[in-house]
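*Asks:* Sharing target-v2.csv below, CSV, C-alpha atoms:
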```csv
chain,number,residue,atom,x,y,z
A,177,MET,CA,20.8,-8.0,26.7
A,178,ASN,CA,20.0,-10.1,23.6
A,179,HIS,CA,16.6,-9.8,21.8
A,180,GLN,CA,15.3,-12.6,19.7
A,181,LEU,CA,12.6,-12.6,17.1
A,182,SER,CA,11.3,-15.4,14.9
A,183,PHE,CA,9.6,-15.0,11.5
A,184,GLN,CA,7.3,-17.2,9.3
A,185,LEU,CA,8.3,-15.7,6.0
A,186,LEU,CA,11.5,-14.7,4.3
A,187,HIS,CA,11.3,-12.6,1.2
A,188,GLN,CA,14.4,-12.3,-0.9
A,189,TYR,CA,14.7,-9.0,-2.7
A,190,ASN,CA,17.5,-7.6,-5.0
A,191,PRO,CA,19.9,-5.7,-2.7
A,192,GLY,CA,21.5,-4.3,-5.9
A,193,LYS,CA,18.4,-2.2,-6.4
A,194,PRO,CA,17.8,1.2,-4.7
A,195,GLY,CA,14.7,0.2,-2.9
A,196,ILE,CA,13.4,-2.8,-0.9
A,197,GLY,CA,10.8,-4.1,-3.3
A,198,VAL,CA,7.9,-6.4,-2.5
A,199,PRO,CA,4.9,-7.4,-4.7
A,200,VAL,CA,1.6,-6.1,-3.4
A,201,ILE,CA,-1.8,-7.2,-4.5
A,202,LEU,CA,-4.6,-4.6,-4.2
A,203,GLN,CA,-8.3,-5.5,-4.3
A,204,SER,CA,-11.3,-3.3,-4.4
A,205,GLY,CA,-14.9,-3.9,-5.5
A,206,GLY,CA,-14.0,-7.1,-7.3
A,207,ALA,CA,-11.0,-5.6,-9.2
A,208,GLU,CA,-7.5,-6.8,-8.5
A,209,LEU,CA,-4.0,-6.0,-9.6
A,210,ALA,CA,-0.5,-6.5,-8.5
A,211,VAL,CA,2.2,-3.9,-8.3
A,212,ASP,CA,5.8,-3.5,-7.1
A,213,ALA,CA,6.1,-1.4,-3.9
A,214,TYR,CA,9.0,-0.2,-1.8
A,215,VAL,CA,9.1,-0.6,1.9
A,216,ASP,CA,9.4,2.9,3.3
A,217,CYS,CA,9.8,3.1,7.0
A,218,GLY,CA,9.9,6.9,6.8
A,219,ALA,CA,6.6,7.2,5.0
A,220,ALA,CA,3.6,7.9,7.4
A,221,HIS,CA,1.1,6.1,5.2
A,222,CYS,CA,0.9,3.7,2.3
A,223,PHE,CA,0.9,5.6,-0.9
A,224,PHE,CA,0.2,4.4,-4.5
A,225,SER,CA,0.3,6.0,-7.9
A,226,ARG,CA,-3.0,7.3,-9.3
A,227,LEU,CA,-2.9,4.8,-12.1
A,228,VAL,CA,-3.1,1.9,-9.6
A,229,GLY,CA,-6.3,3.4,-8.0
A,230,GLU,CA,-7.8,4.0,-11.4
A,231,GLN,CA,-7.2,0.4,-12.5
A,232,LEU,CA,-9.0,-0.7,-9.3
A,233,GLY,CA,-12.0,1.4,-10.5
A,234,LEU,CA,-11.7,3.9,-7.7
A,235,GLN,CA,-12.9,7.5,-8.1
A,236,ILE,CA,-9.7,9.0,-6.7
A,237,GLU,CA,-11.1,12.4,-5.8
A,238,ALA,CA,-14.0,10.8,-3.9
A,239,GLY,CA,-11.6,9.8,-1.1
A,240,PRO,CA,-10.6,12.3,1.6
A,241,PRO,CA,-7.8,14.5,0.5
A,242,GLU,CA,-4.5,14.7,2.3
A,243,ILE,CA,-1.3,16.7,1.6
A,244,PHE,CA,2.0,15.0,2.3
A,245,SER,CA,5.3,16.7,2.6
A,246,THR,CA,8.2,15.3,0.6
A,247,ALA,CA,11.7,16.3,-0.1
A,248,GLY,CA,10.5,17.5,-3.5
A,249,GLY,CA,7.5,19.5,-2.3
A,250,PRO,CA,4.0,18.7,-1.2
A,251,VAL,CA,2.1,15.8,-2.8
A,252,LYS,CA,-1.6,15.4,-2.7
A,253,GLY,CA,-3.3,12.1,-2.2
A,254,HIS,CA,-6.8,10.7,-1.5
A,255,GLY,CA,-7.5,8.0,0.9
A,256,HIS,CA,-9.5,4.8,0.1
A,257,PHE,CA,-10.1,1.6,1.9
A,258,VAL,CA,-8.7,-1.4,-0.1
A,259,THR,CA,-7.6,-5.0,0.6
A,260,LEU,CA,-3.9,-5.4,0.6
A,261,GLU,CA,-2.2,-8.7,0.1
A,262,VAL,CA,1.5,-8.6,0.8
A,263,LEU,CA,3.5,-11.9,0.7
A,264,GLY,CA,0.6,-13.9,2.1
A,265,PHE,CA,-0.6,-11.4,4.7
A,266,CYS,CA,-4.0,-10.0,3.7
A,267,PHE,CA,-5.9,-7.2,5.4
A,268,GLU,CA,-8.0,-4.1,4.9
A,269,ALA,CA,-6.4,-0.7,5.2
A,270,MET,CA,-6.8,2.9,4.2
A,271,VAL,CA,-4.1,3.8,1.7
A,272,PHE,CA,-3.6,6.9,-0.4
A,273,PHE,CA,-3.5,7.3,-4.1
A,274,ALA,CA,-1.7,10.2,-5.7
A,275,ALA,CA,-3.9,12.9,-7.1
A,276,ASP,CA,-1.3,13.6,-9.9
A,277,HIS,CA,-0.4,11.2,-12.6
A,278,GLY,CA,3.3,12.2,-12.2
A,279,PHE,CA,3.7,10.3,-9.0
A,280,LYS,CA,4.7,6.8,-10.1
A,281,ARG,CA,6.1,5.1,-7.0
A,282,ASN,CA,4.2,2.8,-4.7
A,283,LEU,CA,5.2,2.8,-1.0
A,284,LEU,CA,4.3,0.7,2.0
A,285,GLY,CA,4.5,3.0,4.9
A,286,ARG,CA,3.8,2.9,8.6
A,287,ILE,CA,0.1,3.4,9.0
A,288,GLY,CA,-1.7,0.6,7.2
A,289,TRP,CA,1.3,-1.8,6.8
A,290,LEU,CA,4.3,-1.5,9.1
A,291,ASP,CA,2.0,-1.1,12.1
A,292,ARG,CA,0.5,-4.5,11.4
A,293,MET,CA,3.7,-6.4,10.8
A,294,ARG,CA,6.8,-7.5,12.5
A,295,ILE,CA,9.8,-7.1,10.3
A,296,GLY,CA,13.4,-8.1,10.3
A,297,LEU,CA,15.9,-6.9,7.7
A,298,ILE,CA,19.4,-7.9,6.5
A,299,ASP,CA,19.8,-5.5,3.7
A,300,TYR,CA,23.3,-6.6,2.7
A,301,GLU,CA,21.8,-10.0,1.8
A,302,GLY,CA,18.5,-8.7,0.5
A,303,LYS,CA,16.5,-10.5,3.1
A,304,LEU,CA,13.2,-9.2,4.5
A,305,PHE,CA,11.7,-11.3,7.3
A,306,LEU,CA,8.0,-10.9,8.0
A,307,ASN,CA,5.4,-11.8,10.5
A,308,ALA,CA,1.9,-10.4,11.2
A,309,TYR,CA,2.0,-8.4,14.4
A,310,GLN,CA,-0.8,-10.7,15.8
A,311,ASP,CA,1.4,-13.8,15.4
A,312,GLU,CA,3.9,-14.4,18.1
B,1400,MET,CA,0.0,10.8,18.9
B,1401,HIS,CA,-3.4,9.5,17.8
B,1402,SER,CA,-4.2,5.9,17.0
B,1403,THR,CA,-4.5,4.5,13.5
B,1404,THR,CA,-8.2,3.9,14.0
B,1405,TYR,CA,-8.7,7.5,15.0
B,1406,GLU,CA,-6.8,8.8,12.0
B,1407,GLU,CA,-8.8,6.5,9.6
B,1408,ILE,CA,-12.1,7.6,11.1
B,1409,VAL,CA,-11.3,11.3,11.0
B,1410,THR,CA,-10.2,11.2,7.4
B,1411,ARG,CA,-13.5,9.5,6.5
B,1412,ILE,CA,-15.8,12.0,8.2
B,1413,PRO,CA,-15.9,14.4,5.2
B,1414,LEU,CA,-17.4,11.5,3.2
B,1415,LEU,CA,-20.5,11.4,5.4
B,1416,THR,CA,-23.5,13.5,4.8
B,1417,SER,CA,-24.5,16.0,7.5
B,1418,ASP,CA,-27.2,13.7,8.8
B,1419,GLU,CA,-24.7,10.8,9.0
B,1420,GLN,CA,-22.2,13.0,10.9
B,1421,LEU,CA,-24.9,13.9,13.4
B,1422,SER,CA,-25.8,10.2,13.7
B,1423,VAL,CA,-22.2,9.3,14.5
B,1424,ILE,CA,-22.2,12.0,17.2
B,1425,GLU,CA,-25.4,10.5,18.6
B,1426,VAL,CA,-23.9,7.0,18.6
B,1427,ILE,CA,-20.9,8.2,20.5
B,1428,ARG,CA,-23.0,10.0,23.1
B,1429,GLN,CA,-25.2,6.9,23.6
B,1430,GLN,CA,-22.2,4.7,24.1
B,1431,GLN,CA,-20.7,7.1,26.6
B,1432,SER,CA,-24.0,7.5,28.5
B,1433,SER,CA,-24.4,3.7,28.6
B,1434,GLY,CA,-21.2,3.4,30.5
B,1435,ALA,CA,-19.3,1.5,27.9
B,1436,PRO,CA,-15.9,0.9,29.2
B,1437,GLU,CA,-13.0,2.9,27.9
B,1438,PRO,CA,-10.7,0.7,25.8
B,1439,SER,CA,-7.8,-0.4,27.8
B,1440,GLU,CA,-4.2,-0.6,26.6
B,1441,SER,CA,-4.8,-4.2,25.8
B,1442,THR,CA,-8.0,-3.7,23.8
B,1443,ARG,CA,-7.2,-0.5,21.9
B,1444,PRO,CA,-6.7,-1.5,18.3
B,1445,GLU,CA,-3.3,0.1,18.0
B,1446,ASN,CA,-2.0,-1.1,21.3
B,1447,GLY,CA,-3.4,-4.5,21.6
B,1448,ALA,CA,-6.0,-6.0,19.3
B,1449,ARG,CA,-4.4,-5.3,16.0
B,1450,PRO,CA,-6.6,-5.3,12.8
B,1451,ALA,CA,-7.1,-8.9,11.8
B,1452,ILE,CA,-4.7,-10.3,9.2
B,1453,ARG,CA,-5.7,-13.3,7.2
B,1454,HIS,CA,-3.1,-15.7,6.0
B,1455,VAL,CA,-3.4,-16.6,2.4
B,1456,PRO,CA,-1.0,-18.6,0.1
B,1457,VAL,CA,1.9,-16.5,-1.0
B,1458,ARG,CA,1.5,-15.7,-4.7
B,1459,SER,CA,4.7,-16.0,-6.7
B,1460,PHE,CA,5.6,-13.2,-9.1
B,1461,ASP,CA,8.9,-14.9,-10.0
B,1462,ALA,CA,8.0,-14.8,-13.7
B,1463,GLU,CA,7.2,-11.1,-13.6
B,1464,ARG,CA,10.3,-10.3,-11.6
B,1465,ALA,CA,12.4,-12.3,-14.1
B,1466,TRP,CA,10.8,-10.4,-17.0
B,1467,LEU,CA,11.5,-7.1,-15.3
B,1468,GLU,CA,15.1,-8.1,-14.7
B,1469,ALA,CA,15.6,-9.1,-18.3
B,1470,ASN,CA,13.9,-6.1,-19.9
B,1471,ARG,CA,14.5,-3.3,-17.5
B,1472,ARG,CA,16.9,-1.3,-19.7
B,1473,GLN,CA,14.7,-1.6,-22.8
B,1474,TYR,CA,11.6,-0.3,-21.0
B,1475,GLN,CA,13.0,2.4,-18.7
B,1476,GLY,CA,10.6,5.3,-18.3
B,1477,GLN,CA,7.6,3.2,-19.3
B,1478,TRP,CA,4.7,1.5,-17.6
B,1479,VAL,CA,4.4,-2.2,-18.3
B,1480,ALA,CA,1.5,-4.6,-17.7
B,1481,LEU,CA,2.4,-8.3,-17.3
B,1482,LYS,CA,0.4,-11.4,-17.0
B,1483,ASP,CA,2.0,-14.8,-16.3
B,1484,GLY,CA,5.4,-13.3,-17.1
B,1485,GLN,CA,4.4,-12.1,-20.5
B,1486,LEU,CA,4.2,-8.5,-21.6
B,1487,ILE,CA,0.6,-7.3,-22.3
B,1488,LEU,CA,1.3,-3.7,-23.1
B,1489,SER,CA,3.6,-0.8,-22.4
B,1490,ASP,CA,3.4,2.9,-22.7
B,1491,ALA,CA,5.4,5.9,-21.4
B,1492,ASP,CA,2.3,7.9,-21.0
B,1493,GLY,CA,0.6,6.9,-17.8
B,1494,GLN,CA,-2.9,8.1,-18.8
B,1495,LYS,CA,-2.8,6.3,-22.1
B,1496,PHE,CA,-1.4,3.2,-20.5
B,1497,SER,CA,-4.3,3.3,-18.0
B,1498,GLU,CA,-6.9,3.6,-20.7
B,1499,ARG,CA,-5.3,0.9,-22.9
B,1500,LEU,CA,-5.1,-1.5,-19.9
B,1501,ALA,CA,-8.7,-0.9,-18.9
B,1502,GLN,CA,-9.8,-1.6,-22.5
B,1503,SER,CA,-7.6,-4.8,-22.7
B,1504,GLY,CA,-9.9,-6.6,-20.3
B,1505,VAL,CA,-7.0,-8.4,-18.7
B,1506,GLU,CA,-7.8,-9.5,-15.2
B,1507,SER,CA,-5.4,-9.2,-12.3
B,1508,PRO,CA,-2.4,-7.8,-14.2
B,1509,PHE,CA,0.9,-7.1,-12.7
B,1510,ILE,CA,1.8,-3.5,-13.5
B,1511,SER,CA,5.0,-1.6,-12.9
B,1512,TYR,CA,6.6,1.6,-13.8
B,1513,ILE,CA,10.2,1.0,-14.8
B,1514,GLU,CA,12.2,3.9,-13.4
B,1515,THR,CA,15.0,5.6,-15.3
B,1516,GLU,CA,18.4,5.5,-13.7
B,1517,ALA,CA,17.9,9.1,-12.5
B,1518,GLU,CA,14.5,8.2,-10.9
B,1519,GLU,CA,15.8,5.2,-9.1
B,1520,LYS,CA,17.9,7.2,-6.7
B,1521,TYR,CA,15.4,8.7,-4.2
B,1522,ILE,CA,15.2,9.8,-0.6
B,1523,GLY,CA,12.1,8.5,1.2
B,1524,GLY,CA,10.8,9.5,4.6
B,1525,TRP,CA,7.8,11.8,4.3
B,1526,GLN,CA,4.4,12.3,5.6
```
Go ahead and render the structure in this file as structure tokens.

*Replies:*
Amino acid sequence: MNHQLSFQLLHQYNPGKPGIGVPVILQSGGAELAVDAYVDCGAAHCFFSRLVGEQLGLQIEAGPPEIFSTAGGPVKGHGHFVTLEVLGFCFEAMVFFAADHGFKRNLLGRIGWLDRMRIGLIDYEGKLFLNAYQDE
Amino acid sequence: MHSTTYEEIVTRIPLLTSDEQLSVIEVIRQQQSSGAPEPSESTRPENGARPAIRHVPVRSFDAERAWLEANRRQYQGQWVALKDGQLILSDADGQKFSERLAQSGVESPFISYIETEAEEKYIGGWQ
């Protein structure tokens, strides 16, 4: 049986890099900034460095705390609702910001991003295809 | 497995005051007693009506990506802030970088931490 999907958007990333990088714009309370983030299908939530949250003017510790398990040990984050804009798809989501300054990576995980999208991937060619889930 | 909406609500409960938490309980009780229908598979947010996504013009960061490609080696291990493809500031100390960026007054910067070669190799998949 063949399965077919169609997509509105093609994002070309550098397949020579270790991660699947996409630009993400975060907005909160009138503040806005853009960052690089990695698509991480294994991450349960979207997770950003503390610095990103601080630049948005968020009081990081005011968000509900959550401990995440990682290969390198537990990492603490705090949840905040922000507006995410990823390659023309814009929506509100709860994402987590690292409690520690040492966590420098930004990740787009399942809850808050993957669960709202349809994606196709040809990693060998560095091609990420995207649709909003709501769009057929 | 619980829905995304459930997870989001539960994680927000500690932010409510005691009175607000009691109010939420009361609202749920009232909705249940009024005979509000259970969400069906087609109306539950995670199984049917997904959170609304707005379509906006795709913003290009080609200039920033080009700068990162050209300068990656020189700035490994540092945070950089870019605007229109130009370097605004850089610092290896995240806290200092954050303070300097806030003081700069630059609106909507593109910020990135340029990983060292050792940091680039990572294993994801966590929760």

*Asks:* Give the answer as one residue: which of B:Ala1462, B:Leu1421, B:Ala1469, B:Leu1414 has the shortest atom-to-atom distance to chain A, using all atoms listed in the file?

*Replies:*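 Among the listed residues, the smallest separation from chain A belongs to B:Leu1414.
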
*Asks:* Taking a cut-off of 6 Å and counting all atoms listed in the file, can you build a table that, for each residue of chain A near chain B, reports the nearest atom pair and how far apart they are in Å (one decimal), sorted by chain then residue number, as a tab-separated table?

*Replies:*
```
residue	atom	partner	partner_atom	distance
A:Glu208	CA	B:Ser1507	CA	5.0
A:Leu209	CA	B:Ser1507	CA	4.4
A:Ala210	CA	B:Phe1509	CA	4.5
A:Val211	CA	B:Ile1510	CA	5.2
A:Gly218	CA	B:Gly1524	CA	3.5
A:Ala219	CA	B:Gly1524	CA	4.8
A:Ala220	CA	B:Gln1526	CA	4.8
A:Pro240	CA	B:Thr1410	CA	5.9
A:Phe244	CA	B:Gln1526	CA	4.9
A:Ser245	CA	B:Gln1526	CA	5.4
A:Thr246	CA	B:Trp1525	CA	5.1
A:Leu263	CA	B:Val1457	CA	5.2
A:Gly264	CA	B:Val1457	CA	4.2
A:Phe265	CA	B:His1454	CA	5.1
A:Cys266	CA	B:Arg1453	CA	5.1
A:Phe267	CA	B:Ile1452	CA	5.0
```

*Asks:* Need the neighbours of (-8.2, 1.3, 1.6): which residues are at most 6 Å away, counting all atoms listed in the file, as a list in words?

*Replies:*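 The residues that fall inside the cut-off are His256, Phe257, Val258, Ala269, Met270 and Val271 of chain A.
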
*Asks:* Please indicate the distance in Å from atom CA of Met177 of chain A to atom CA of Trp289 of chain A, rounded to one decimal place.

*Replies:*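 These atoms are spaced 28.5 Å apart.
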
*Asks:* Find the residue from A:Leu232, A:Ala213, A:Pro191, A:Gly302 that sits nearest to Thr259 of chain A; use all atoms listed in the file when measuring.

*Replies:* A:Leu232

*Asks:* Quick one: residues within 7 Å of Asp212 of chain A, only C-alpha atoms counted, chain neighbours fewer than 4 positions away excluded, as a ChimeraX atom specification?

*Replies:* /A:197-200,282 /B:1511

*Asks:* Pull C-alpha atoms from the residues just selected and write them as a PDB file, keeping the file's coordinate frame.

*Replies:*
```
ATOM      1  CA  GLY A 197      10.800  -4.100  -3.300  1.00  0.00           C
ATOM      2  CA  VAL A 198       7.900  -6.400  -2.500  1.00  0.00           C
ATOM      3  CA  PRO A 199       4.900  -7.400  -4.700  1.00  0.00           C
ATOM      4  CA  VAL A 200       1.600  -6.100  -3.400  1.00  0.00           C
ATOM      5  CA  ASN A 282       4.200   2.800  -4.700  1.00  0.00           C
TER       6      ASN A 282
ATOM      7  CA  SER B1511       5.000  -1.600 -12.900  1.00  0.00           C
TER       8      SER B1511
END
```

*Asks:* Neighbouring residues of Asn190 of chain A were defined as those with any atom within 12 Å, considering only C-alpha atoms; residues of the same chain fewer than 2 positions away were excluded. Please report them as a PyMOL selection string.

*Replies:* (chain A and resi 187-188+192-198+214+298-304) or (chain B and resi 1464-1465+1467-1468)

*Asks:* Rounded to one decimal place, report the atom CA of Asp291 of chain A-atom CA of Phe273 of chain A distance in Å.

*Replies:*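 So the answer is 19.1 Å.
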
*Asks:* Distance atom CA of His221 of chain A-atom CA of Tyr1474 of chain B, one decimal place?

*Replies:* 28.9 Å

*Asks:* What lies within 10 Å of Phe279 of chain A using all atoms listed in the file, ignoring chain neighbours under 4 positions off, as a list in words?

*Replies:*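 Non-adjacent residues within range: Phe223, Phe224, Ser225, Arg226, Leu227, Val251, Lys252, Gly253, Phe273, Ala274 and Ala275 of chain A; Gly1493 of chain B.
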
*Asks:* Of the residues A:His179, A:Lys280, A:Arg286, A:His254, which is the one nearest to Val228 of chain A, using all atoms listed in the file?

*Replies:*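 Counting all atoms listed in the file, the residue closest to Val228 of chain A is A:Lys280.
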
*Asks:* Please provide the set of residues having any atom within 8 Å of Gly233 of chain A, restricted to all atoms listed in the file, with same-chain residues fewer than 5 positions apart removed, written as a list in words.

*Replies:*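 What passes the distance filter is Ser204, Gly205 and Ala207 of chain A.
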
*Asks:* Taking the point (14.3, -8.0, 11.3) as given in the file, collect each protein or nucleic acid residue that comes within 10 Å of it, counting all atoms listed in the file, and present the set as a PDB file with C-alpha atoms, keeping the file's coordinate frame.

*Replies:*
```pdb
ATOM      1  CA  GLN A 180      15.300 -12.600  19.700  1.00  0.00           C
ATOM      2  CA  LEU A 181      12.600 -12.600  17.100  1.00  0.00           C
ATOM      3  CA  SER A 182      11.300 -15.400  14.900  1.00  0.00           C
ATOM      4  CA  PHE A 183       9.600 -15.000  11.500  1.00  0.00           C
ATOM      5  CA  ARG A 294       6.800  -7.500  12.500  1.00  0.00           C
ATOM      6  CA  ILE A 295       9.800  -7.100  10.300  1.00  0.00           C
ATOM      7  CA  GLY A 296      13.400  -8.100  10.300  1.00  0.00           C
ATOM      8  CA  LEU A 297      15.900  -6.900   7.700  1.00  0.00           C
ATOM      9  CA  ILE A 298      19.400  -7.900   6.500  1.00  0.00           C
ATOM     10  CA  ASP A 299      19.800  -5.500   3.700  1.00  0.00           C
ATOM     11  CA  LYS A 303      16.500 -10.500   3.100  1.00  0.00           C
ATOM     12  CA  LEU A 304      13.200  -9.200   4.500  1.00  0.00           C
ATOM     13  CA  PHE A 305      11.700 -11.300   7.300  1.00  0.00           C
ATOM     14  CA  LEU A 306       8.000 -10.900   8.000  1.00  0.00           C
ATOM     15  CA  ASN A 307       5.400 -11.800  10.500  1.00  0.00           C
TER      16      ASN A 307
END
```

*Asks:* Start from the incomplete input, build N, CA and C atoms for segment 204-216 of chain A, and deliver everything as a short mmCIF file (atom, residue, chain, number, x, y, z; two decimals), in the coordinates of the input.

*Replies:*
```cif
data_model
loop_
_atom_site.label_atom_id
_atom_site.label_comp_id
_atom_site.auth_asym_id
_atom_site.auth_seq_id
_atom_site.Cartn_x
_atom_site.Cartn_y
_atom_site.Cartn_z
N SER A 204 -10.24 -4.17 -4.73
CA SER A 204 -11.30 -3.30 -4.40
C SER A 204 -12.51 -3.52 -5.30
N GLY A 205 -13.66 -3.74 -4.73
CA GLY A 205 -14.90 -3.90 -5.50
C GLY A 205 -14.77 -5.00 -6.59
N GLY A 206 -14.07 -6.05 -6.32
CA GLY A 206 -14.00 -7.10 -7.30
C GLY A 206 -12.79 -6.99 -8.25
N ALA A 207 -12.20 -5.81 -8.30
CA ALA A 207 -11.00 -5.60 -9.20
C ALA A 207 -9.77 -5.95 -8.40
N GLU A 208 -8.77 -6.39 -9.12
CA GLU A 208 -7.50 -6.80 -8.50
C GLU A 208 -6.36 -6.54 -9.42
N LEU A 209 -5.26 -6.07 -8.85
CA LEU A 209 -4.00 -6.00 -9.60
C LEU A 209 -2.84 -6.06 -8.69
N ALA A 210 -1.71 -6.39 -9.27
CA ALA A 210 -0.50 -6.50 -8.50
C ALA A 210 0.51 -5.45 -8.95
N VAL A 211 1.26 -4.95 -7.99
CA VAL A 211 2.20 -3.90 -8.30
C VAL A 211 3.52 -4.18 -7.49
N ASP A 212 4.57 -3.52 -7.89
CA ASP A 212 5.80 -3.50 -7.10
C ASP A 212 5.65 -2.31 -6.11
N ALA A 213 6.07 -2.49 -4.88
CA ALA A 213 6.10 -1.40 -3.90
C ALA A 213 7.36 -1.41 -3.14
N TYR A 214 7.77 -0.25 -2.66
CA TYR A 214 9.00 -0.20 -1.80
C TYR A 214 8.55 -0.09 -0.35
N VAL A 215 9.26 -0.81 0.48
CA VAL A 215 9.10 -0.60 1.90
C VAL A 215 9.72 0.72 2.27
N ASP A 216 8.95 1.57 2.94
CA ASP A 216 9.40 2.90 3.30
C ASP A 216 9.08 3.23 4.73
#
```
